Amino acid sequence: MHPIVKLVAQRLALGALLLLAASALIFGLTEALPGDAAQAILGQAATTESLANLREEMGLDRPALTRYFEWLGGIMTGDMGLALTNKLDIATSIQSRMANTLFLAFWAALISVPLAILLGLIAVRYQNRWPDKMISGVTLASISLPEFMIAYILIFFFAVKLFWAPSFANISPSMDLLDKLHAIALPVAVLVMVVLAHMMRMTRAAILNVMQSAYIETAELKGLSGFQVIARHAFPNAIAPIVNVVMINMAYLVVGVVVVEVVFAYPGMGQYLVDAVVKRDVPVVLACGVIFAAVYILLNIFADVVSILTNPRLRHPK
């Protein structure tokens, strides 16, 4: 078997095992929380008899392992089951929610990735000079603030004071693209500020590492400008670590949007997951958790594959 095919197969097998472990961990942590869906529905004043009847109706009276393996079997056949609290099909509910989360992540990525690479190139070109110091200082300040604080600061200035954007990012299928973009302007800005610094600093570090190579000196001796040397020779050879950090941040844009979606009341996967945790709706929590884990694992596998493909020793084995 070709080394590249073997390594990719190993990564996929490891990803499947990690996904299984993540589902078991999520189920165990959900079960460890006090109360259950029946308690959340009936409230603290519910009688023992009414709780027992509702738990039996929901199937919560069965052993936890039985319920987990039944859920796991359903997932493997594409059946996510029904939500405990409203009896709606989970797959149908997730479909629209996931589309909203991906819409938000897409626009954040479309802005942050090119901007991070451009700022990284500028920082390298003007290393240790004022543009480099200013870019590094601003991005470091943004990554040092919690995302909910950034969100509330932006809401205060741009929604409350200037009325440029809404404080609640409520979108619907009936809205046109411009209305949707106006609605998500602030959450996209928060996500861009959160992921931009990490990607920019990694781009800068990766390119600076390549700049120490002998062929960079040769390119400089040919009379190329500083930016041409960086863009044409250094950047292409620093792709592997840059792709890794970009994929990790893309995973965050999908998986780590919970706080942003809650702050802006955005109808995405993060908000759906929080509502399910509050209601102790275990099937919904499991479905959301597994989807988040799958996205994170797949994007990391993709980054690993890119790193493998950019390694000449694996592309051209002896």
# chains A, B, ... in the order shown; residues from 1 in each chain; ligands from 1
>>> closest_atom_pairs(of="segment 66-150 of chain A", to="segment 229-246 of chain A", cutoff="8 Å", atoms="only C-alpha atoms", output="JSON lines")
{"residue": "A:Val113", "atom": "CA", "partner": "A:Val246", "partner_atom": "CA", "distance": 7.2}
{"residue": "A:Leu121", "atom": "CA", "partner": "A:Ile230", "partner_atom": "CA", "distance": 7.1}
{"residue": "A:Val124", "atom": "CA", "partner": "A:Ile230", "partner_atom": "CA", "distance": 7.9}
{"residue": "A:Arg125", "atom": "CA", "partner": "A:Ile230", "partner_atom": "CA", "distance": 7.4}
>>> write_last_selection(atoms="N, CA and C atoms", output="PDB file, in the first residue's frame")
ATOM      1  N   VAL A 113      -9.773  34.394   6.818  1.00  0.00           N
ATOM      2  CA  VAL A 113      -8.638  33.650   6.260  1.00  0.00           C
ATOM      3  C   VAL A 113      -7.785  34.528   5.338  1.00  0.00           C
ATOM      4  N   LEU A 121       1.679  38.255   5.911  1.00  0.00           N
ATOM      5  CA  LEU A 121       2.680  38.623   4.905  1.00  0.00           C
ATOM      6  C   LEU A 121       3.215  40.033   5.160  1.00  0.00           C
ATOM      7  N   VAL A 124       5.606  40.022   8.143  1.00  0.00           N
ATOM      8  CA  VAL A 124       6.923  39.480   7.795  1.00  0.00           C
ATOM      9  C   VAL A 124       7.714  40.496   6.978  1.00  0.00           C
ATOM     10  N   ARG A 125       7.021  41.132   6.028  1.00  0.00           N
ATOM     11  CA  ARG A 125       7.713  42.114   5.175  1.00  0.00           C
ATOM     12  C   ARG A 125       8.287  43.257   5.996  1.00  0.00           C
TER      13      ARG A 125
END
>>> closest_residue(among="A:Ser174, A:Asn86, A:Ser307, A:Ser112", to="His198 of chain A", atoms="only C-alpha atoms")
A:Ser112
>>> residues_around(residues="Gly256 of chain A", least_positions_apart="4", cutoff="9 Å", atoms="only C-alpha atoms", output="list in words")
Ala251, Tyr252, Val260, Gly270 and Phe292 of chain A
>>> residues_around(residues="segment 61-68 of chain A", least_positions_apart="5", cutoff="10 Å", atoms="only C-alpha atoms", output="JSON, numbers by chain")
{"A": [23, 24, 27, 28, 31, 52, 53, 54, 55, 56, 73, 74, 282, 283, 286]}
>>> closest_residue(among="A:Leu12, A:Val5, A:Ile153, A:Leu181", to="Ile301 of chain A", atoms="only C-alpha atoms")
A:Leu12
>>> atom_distance(atom1="atom CA of Ile308 of chain A", atom2="atom CA of Arg204 of chain A")
21.5 Å
>>> select_by_dssp(residues="segment 129-315 of chain A", states="helix (DSSP H, G or I)", output="number ranges by chain")
A: 130-144, 147-161, 177-183, 185-210, 214-221, 226-234, 236-255, 258-263, 269-279, 282-309, 312-315
>>> atom_distance(atom1="atom CA of Ile248 of chain A", atom2="atom CA of Val188 of chain A")
17.4 Å
>>> residues_around(residues="segment 104-110 of chain A", least_positions_apart="3", cutoff="10 Å", atoms="only C-alpha atoms", output="compact mmCIF listing (two decimals) with N, CA, C and O atoms, in the first residue's frame")
# COMPACT_ATOMS: atom_id res chain seq x y z
N MET A 98 -28.11 23.68 11.35
CA MET A 98 -26.75 23.50 10.83
C MET A 98 -26.52 24.41 9.63
O MET A 98 -25.42 24.96 9.48
N ALA A 99 -27.53 24.59 8.80
CA ALA A 99 -27.40 25.50 7.66
C ALA A 99 -27.11 26.92 8.13
O ALA A 99 -26.28 27.63 7.55
N ASN A 100 -27.77 27.35 9.21
CA ASN A 100 -27.54 28.69 9.76
C ASN A 100 -26.13 28.83 10.32
O ASN A 100 -25.47 29.85 10.11
N THR A 101 -25.68 27.80 11.04
CA THR A 101 -24.33 27.84 11.61
C THR A 101 -23.27 27.87 10.50
O THR A 101 -22.29 28.61 10.58
N VAL A 113 -9.77 34.39 6.82
CA VAL A 113 -8.64 33.65 6.26
C VAL A 113 -7.79 34.53 5.34
O VAL A 113 -6.57 34.64 5.55
N PRO A 114 -8.36 35.16 4.30
CA PRO A 114 -7.51 36.03 3.46
C PRO A 114 -6.88 37.18 4.24
O PRO A 114 -5.72 37.54 4.01
N LEU A 115 -7.66 37.75 5.17
CA LEU A 115 -7.15 38.87 5.95
C LEU A 115 -5.98 38.43 6.83
O LEU A 115 -4.98 39.15 6.96
N LYS A 180 -29.83 39.16 5.41
CA LYS A 180 -29.15 38.18 6.26
C LYS A 180 -27.76 38.66 6.66
O LYS A 180 -27.35 38.53 7.82
N LEU A 181 -27.04 39.22 5.70
CA LEU A 181 -25.69 39.72 6.00
C LEU A 181 -25.74 40.87 6.99
O LEU A 181 -24.87 40.98 7.87
N ILE A 184 -26.29 39.35 10.49
CA ILE A 184 -25.17 38.62 11.09
C ILE A 184 -23.88 39.43 11.15
O ILE A 184 -22.82 38.89 11.47
N ALA A 185 -23.96 40.71 10.85
CA ALA A 185 -22.74 41.54 10.79
C ALA A 185 -21.95 41.49 12.10
O ALA A 185 -20.72 41.29 12.08
N PRO A 187 -22.15 39.21 14.85
CA PRO A 187 -21.55 37.92 15.18
C PRO A 187 -20.40 37.53 14.26
O PRO A 187 -19.41 36.93 14.71
N VAL A 188 -20.47 37.88 12.98
CA VAL A 188 -19.36 37.61 12.06
C VAL A 188 -18.13 38.41 12.50
O VAL A 188 -17.01 37.89 12.51
N ALA A 189 -18.33 39.67 12.88
CA ALA A 189 -17.21 40.50 13.33
C ALA A 189 -16.55 39.91 14.56
O ALA A 189 -15.31 39.89 14.67
N VAL A 190 -17.35 39.40 15.50
CA VAL A 190 -16.79 38.77 16.70
C VAL A 190 -15.96 37.55 16.33
O VAL A 190 -14.82 37.38 16.81
N LEU A 191 -16.50 36.68 15.48
CA LEU A 191 -15.78 35.47 15.09
C LEU A 191 -14.48 35.80 14.35
O LEU A 191 -13.46 35.15 14.56
N VAL A 192 -14.53 36.80 13.49
CA VAL A 192 -13.32 37.21 12.76
C VAL A 192 -12.25 37.68 13.74
O VAL A 192 -11.08 37.30 13.63
N MET A 193 -12.63 38.49 14.70
CA MET A 193 -11.66 38.99 15.67
C MET A 193 -11.07 37.88 16.52
O MET A 193 -9.90 37.92 16.91
N VAL A 195 -10.67 34.54 15.65
CA VAL A 195 -9.80 33.59 14.93
C VAL A 195 -8.68 34.27 14.16
O VAL A 195 -7.70 33.61 13.80
N LEU A 196 -8.82 35.57 13.90
CA LEU A 196 -7.84 36.26 13.06
C LEU A 196 -6.44 36.24 13.66
O LEU A 196 -5.45 35.96 12.96
N VAL A 246 -5.29 27.07 9.94
CA VAL A 246 -6.54 27.52 9.32
C VAL A 246 -7.65 26.49 9.56
O VAL A 246 -8.78 26.85 9.90
N ASN A 249 -8.95 26.60 13.08
CA ASN A 249 -9.83 27.76 13.29
C ASN A 249 -11.14 27.63 12.53
O ASN A 249 -12.16 28.14 12.98
N MET A 250 -11.12 26.95 11.38
CA MET A 250 -12.38 26.69 10.68
C MET A 250 -13.26 25.77 11.52
O MET A 250 -14.48 25.93 11.58
N ALA A 251 -12.63 24.78 12.17
CA ALA A 251 -13.38 23.91 13.07
C ALA A 251 -13.99 24.71 14.21
O ALA A 251 -15.14 24.50 14.61
N TYR A 252 -13.22 25.68 14.72
CA TYR A 252 -13.75 26.52 15.80
C TYR A 252 -14.95 27.34 15.33
O TYR A 252 -15.91 27.53 16.08
N LEU A 253 -14.90 27.81 14.08
CA LEU A 253 -16.00 28.62 13.56
C LEU A 253 -17.31 27.84 13.52
O LEU A 253 -18.39 28.43 13.57
N VAL A 254 -17.22 26.53 13.41
CA VAL A 254 -18.43 25.70 13.41
C VAL A 254 -18.73 25.19 14.81
O VAL A 254 -19.87 25.22 15.27
N VAL A 255 -17.69 24.71 15.50
CA VAL A 255 -17.89 24.04 16.79
C VAL A 255 -17.95 25.04 17.95
O VAL A 255 -18.68 24.84 18.91
N VAL A 257 -19.03 28.16 18.18
CA VAL A 257 -19.90 29.34 18.04
C VAL A 257 -20.98 29.40 19.11
O VAL A 257 -21.85 30.27 19.06
N GLU A 261 -23.56 32.49 19.39
CA GLU A 261 -24.95 32.27 19.03
C GLU A 261 -25.89 32.57 20.19
O GLU A 261 -26.99 33.11 19.98
N TYR A 266 -28.82 33.74 17.96
CA TYR A 266 -28.78 33.28 16.58
C TYR A 266 -29.32 31.86 16.49
O TYR A 266 -28.92 30.99 17.27
N GLY A 268 -28.85 28.88 15.48
CA GLY A 268 -27.92 27.91 14.94
C GLY A 268 -27.77 26.70 15.84
O GLY A 268 -28.53 26.50 16.79
>>> closest_residue(among="A:Leu51, A:Leu84, A:Met149, A:Ile122", to="Gln228 of chain A", atoms="only C-alpha atoms")
A:Ile122
>>> atom_distance(atom1="atom CA of Ala13 of chain A", atom2="atom CA of Asp79 of chain A")
22.3 Å
>>> closest_residue(among="A:Ile143, A:Met247, A:Leu88, A:Val263", to="Tyr296 of chain A", atoms="only C-alpha atoms")
A:Met247
>>> closest_residue(among="A:Gly78, A:Pro267, A:Gly15, A:Gly43", to="Ile297 of chain A", atoms="only C-alpha atoms")
A:Gly15
>>> decode(residues="segment 133-161 of chain A", atoms="N, CA, C and O atoms", output="PDB file, in the first residue's frame")
ATOM      1  N   LYS A 133       4.651  45.541  14.515  1.00  0.00           N
ATOM      2  CA  LYS A 133       4.314  45.714  15.924  1.00  0.00           C
ATOM      3  C   LYS A 133       2.849  46.096  16.117  1.00  0.00           C
ATOM      4  O   LYS A 133       2.190  45.629  17.054  1.00  0.00           O
ATOM      5  N   MET A 134       2.332  46.935  15.218  1.00  0.00           N
ATOM      6  CA  MET A 134       0.928  47.356  15.336  1.00  0.00           C
ATOM      7  C   MET A 134      -0.007  46.176  15.080  1.00  0.00           C
ATOM      8  O   MET A 134      -0.962  45.953  15.840  1.00  0.00           O
ATOM      9  N   ILE A 135       0.265  45.406  14.012  1.00  0.00           N
ATOM     10  CA  ILE A 135      -0.580  44.249  13.685  1.00  0.00           C
ATOM     11  C   ILE A 135      -0.536  43.231  14.817  1.00  0.00           C
ATOM     12  O   ILE A 135      -1.585  42.713  15.245  1.00  0.00           O
ATOM     13  N   SER A 136       0.650  42.941  15.312  1.00  0.00           N
ATOM     14  CA  SER A 136       0.783  41.956  16.391  1.00  0.00           C
ATOM     15  C   SER A 136       0.093  42.432  17.660  1.00  0.00           C
ATOM     16  O   SER A 136      -0.567  41.651  18.356  1.00  0.00           O
ATOM     17  N   GLY A 137       0.212  43.727  17.974  1.00  0.00           N
ATOM     18  CA  GLY A 137      -0.404  44.259  19.182  1.00  0.00           C
ATOM     19  C   GLY A 137      -1.924  44.229  19.138  1.00  0.00           C
ATOM     20  O   GLY A 137      -2.584  43.818  20.100  1.00  0.00           O
ATOM     21  N   VAL A 138      -2.490  44.645  18.001  1.00  0.00           N
ATOM     22  CA  VAL A 138      -3.950  44.677  17.869  1.00  0.00           C
ATOM     23  C   VAL A 138      -4.526  43.264  17.898  1.00  0.00           C
ATOM     24  O   VAL A 138      -5.526  42.997  18.574  1.00  0.00           O
ATOM     25  N   THR A 139      -3.899  42.334  17.158  1.00  0.00           N
ATOM     26  CA  THR A 139      -4.415  40.960  17.129  1.00  0.00           C
ATOM     27  C   THR A 139      -4.257  40.273  18.485  1.00  0.00           C
ATOM     28  O   THR A 139      -5.125  39.503  18.898  1.00  0.00           O
ATOM     29  N   LEU A 140      -3.143  40.560  19.165  1.00  0.00           N
ATOM     30  CA  LEU A 140      -2.953  39.969  20.497  1.00  0.00           C
ATOM     31  C   LEU A 140      -3.995  40.495  21.476  1.00  0.00           C
ATOM     32  O   LEU A 140      -4.511  39.746  22.317  1.00  0.00           O
ATOM     33  N   ALA A 141      -4.342  41.776  21.367  1.00  0.00           N
ATOM     34  CA  ALA A 141      -5.361  42.351  22.247  1.00  0.00           C
ATOM     35  C   ALA A 141      -6.717  41.702  21.986  1.00  0.00           C
ATOM     36  O   ALA A 141      -7.470  41.404  22.919  1.00  0.00           O
ATOM     37  N   SER A 142      -7.038  41.450  20.707  1.00  0.00           N
ATOM     38  CA  SER A 142      -8.338  40.856  20.385  1.00  0.00           C
ATOM     39  C   SER A 142      -8.441  39.417  20.872  1.00  0.00           C
ATOM     40  O   SER A 142      -9.500  38.984  21.328  1.00  0.00           O
ATOM     41  N   ILE A 143      -7.338  38.668  20.802  1.00  0.00           N
ATOM     42  CA  ILE A 143      -7.388  37.267  21.230  1.00  0.00           C
ATOM     43  C   ILE A 143      -7.369  37.150  22.747  1.00  0.00           C
ATOM     44  O   ILE A 143      -7.724  36.115  23.306  1.00  0.00           O
ATOM     45  N   SER A 144      -6.956  38.220  23.422  1.00  0.00           N
ATOM     46  CA  SER A 144      -6.888  38.187  24.885  1.00  0.00           C
ATOM     47  C   SER A 144      -8.250  38.419  25.536  1.00  0.00           C
ATOM     48  O   SER A 144      -8.446  38.063  26.703  1.00  0.00           O
ATOM     49  N   LEU A 145      -9.192  38.994  24.803  1.00  0.00           N
ATOM     50  CA  LEU A 145     -10.515  39.273  25.360  1.00  0.00           C
ATOM     51  C   LEU A 145     -11.447  38.074  25.137  1.00  0.00           C
ATOM     52  O   LEU A 145     -11.423  37.470  24.067  1.00  0.00           O
ATOM     53  N   PRO A 146     -12.256  37.735  26.132  1.00  0.00           N
ATOM     54  CA  PRO A 146     -13.263  36.676  25.917  1.00  0.00           C
ATOM     55  C   PRO A 146     -14.230  37.083  24.824  1.00  0.00           C
ATOM     56  O   PRO A 146     -14.557  38.262  24.674  1.00  0.00           O
ATOM     57  N   GLU A 147     -14.704  36.112  24.062  1.00  0.00           N
ATOM     58  CA  GLU A 147     -15.561  36.446  22.922  1.00  0.00           C
ATOM     59  C   GLU A 147     -16.872  37.093  23.346  1.00  0.00           C
ATOM     60  O   GLU A 147     -17.402  37.947  22.624  1.00  0.00           O
ATOM     61  N   PHE A 148     -17.415  36.724  24.520  1.00  0.00           N
ATOM     62  CA  PHE A 148     -18.666  37.359  24.952  1.00  0.00           C
ATOM     63  C   PHE A 148     -18.442  38.834  25.260  1.00  0.00           C
ATOM     64  O   PHE A 148     -19.321  39.673  25.028  1.00  0.00           O
ATOM     65  N   MET A 149     -17.223  39.180  25.756  1.00  0.00           N
ATOM     66  CA  MET A 149     -16.925  40.589  26.040  1.00  0.00           C
ATOM     67  C   MET A 149     -16.805  41.379  24.736  1.00  0.00           C
ATOM     68  O   MET A 149     -17.328  42.497  24.627  1.00  0.00           O
ATOM     69  N   ILE A 150     -16.130  40.782  23.741  1.00  0.00           N
ATOM     70  CA  ILE A 150     -16.045  41.434  22.428  1.00  0.00           C
ATOM     71  C   ILE A 150     -17.449  41.646  21.870  1.00  0.00           C
ATOM     72  O   ILE A 150     -17.767  42.703  21.311  1.00  0.00           O
ATOM     73  N   ALA A 151     -18.299  40.622  22.015  1.00  0.00           N
ATOM     74  CA  ALA A 151     -19.662  40.709  21.500  1.00  0.00           C
ATOM     75  C   ALA A 151     -20.430  41.852  22.153  1.00  0.00           C
ATOM     76  O   ALA A 151     -21.089  42.651  21.463  1.00  0.00           O
ATOM     77  N   TYR A 152     -20.346  41.957  23.478  1.00  0.00           N
ATOM     78  CA  TYR A 152     -21.103  43.012  24.168  1.00  0.00           C
ATOM     79  C   TYR A 152     -20.548  44.402  23.856  1.00  0.00           C
ATOM     80  O   TYR A 152     -21.304  45.381  23.796  1.00  0.00           O
ATOM     81  N   ILE A 153     -19.230  44.513  23.661  1.00  0.00           N
ATOM     82  CA  ILE A 153     -18.640  45.802  23.285  1.00  0.00           C
ATOM     83  C   ILE A 153     -19.153  46.235  21.907  1.00  0.00           C
ATOM     84  O   ILE A 153     -19.548  47.392  21.714  1.00  0.00           O
ATOM     85  N   LEU A 154     -19.165  45.294  20.961  1.00  0.00           N
ATOM     86  CA  LEU A 154     -19.659  45.618  19.624  1.00  0.00           C
ATOM     87  C   LEU A 154     -21.145  45.948  19.647  1.00  0.00           C
ATOM     88  O   LEU A 154     -21.596  46.862  18.938  1.00  0.00           O
ATOM     89  N   ILE A 155     -21.911  45.217  20.445  1.00  0.00           N
ATOM     90  CA  ILE A 155     -23.347  45.516  20.565  1.00  0.00           C
ATOM     91  C   ILE A 155     -23.559  46.930  21.115  1.00  0.00           C
ATOM     92  O   ILE A 155     -24.404  47.686  20.615  1.00  0.00           O
ATOM     93  N   PHE A 156     -22.780  47.278  22.128  1.00  0.00           N
ATOM     94  CA  PHE A 156     -22.943  48.599  22.756  1.00  0.00           C
ATOM     95  C   PHE A 156     -22.684  49.724  21.756  1.00  0.00           C
ATOM     96  O   PHE A 156     -23.468  50.689  21.669  1.00  0.00           O
ATOM     97  N   PHE A 157     -21.584  49.600  20.997  1.00  0.00           N
ATOM     98  CA  PHE A 157     -21.222  50.695  20.093  1.00  0.00           C
ATOM     99  C   PHE A 157     -22.028  50.685  18.796  1.00  0.00           C
ATOM    100  O   PHE A 157     -22.566  51.710  18.377  1.00  0.00           O
ATOM    101  N   PHE A 158     -22.122  49.519  18.149  1.00  0.00           N
ATOM    102  CA  PHE A 158     -22.690  49.481  16.806  1.00  0.00           C
ATOM    103  C   PHE A 158     -24.201  49.226  16.768  1.00  0.00           C
ATOM    104  O   PHE A 158     -24.852  49.530  15.764  1.00  0.00           O
ATOM    105  N   ALA A 159     -24.754  48.655  17.849  1.00  0.00           N
ATOM    106  CA  ALA A 159     -26.198  48.416  17.884  1.00  0.00           C
ATOM    107  C   ALA A 159     -26.923  49.444  18.749  1.00  0.00           C
ATOM    108  O   ALA A 159     -27.961  49.979  18.350  1.00  0.00           O
ATOM    109  N   VAL A 160     -26.365  49.731  19.935  1.00  0.00           N
ATOM    110  CA  VAL A 160     -27.046  50.629  20.877  1.00  0.00           C
ATOM    111  C   VAL A 160     -26.764  52.101  20.559  1.00  0.00           C
ATOM    112  O   VAL A 160     -27.687  52.939  20.537  1.00  0.00           O
ATOM    113  N   LYS A 161     -25.494  52.437  20.315  1.00  0.00           N
ATOM    114  CA  LYS A 161     -25.120  53.839  20.106  1.00  0.00           C
ATOM    115  C   LYS A 161     -25.302  54.309  18.659  1.00  0.00           C
ATOM    116  O   LYS A 161     -25.845  55.390  18.411  1.00  0.00           O
TER     117      LYS A 161
END
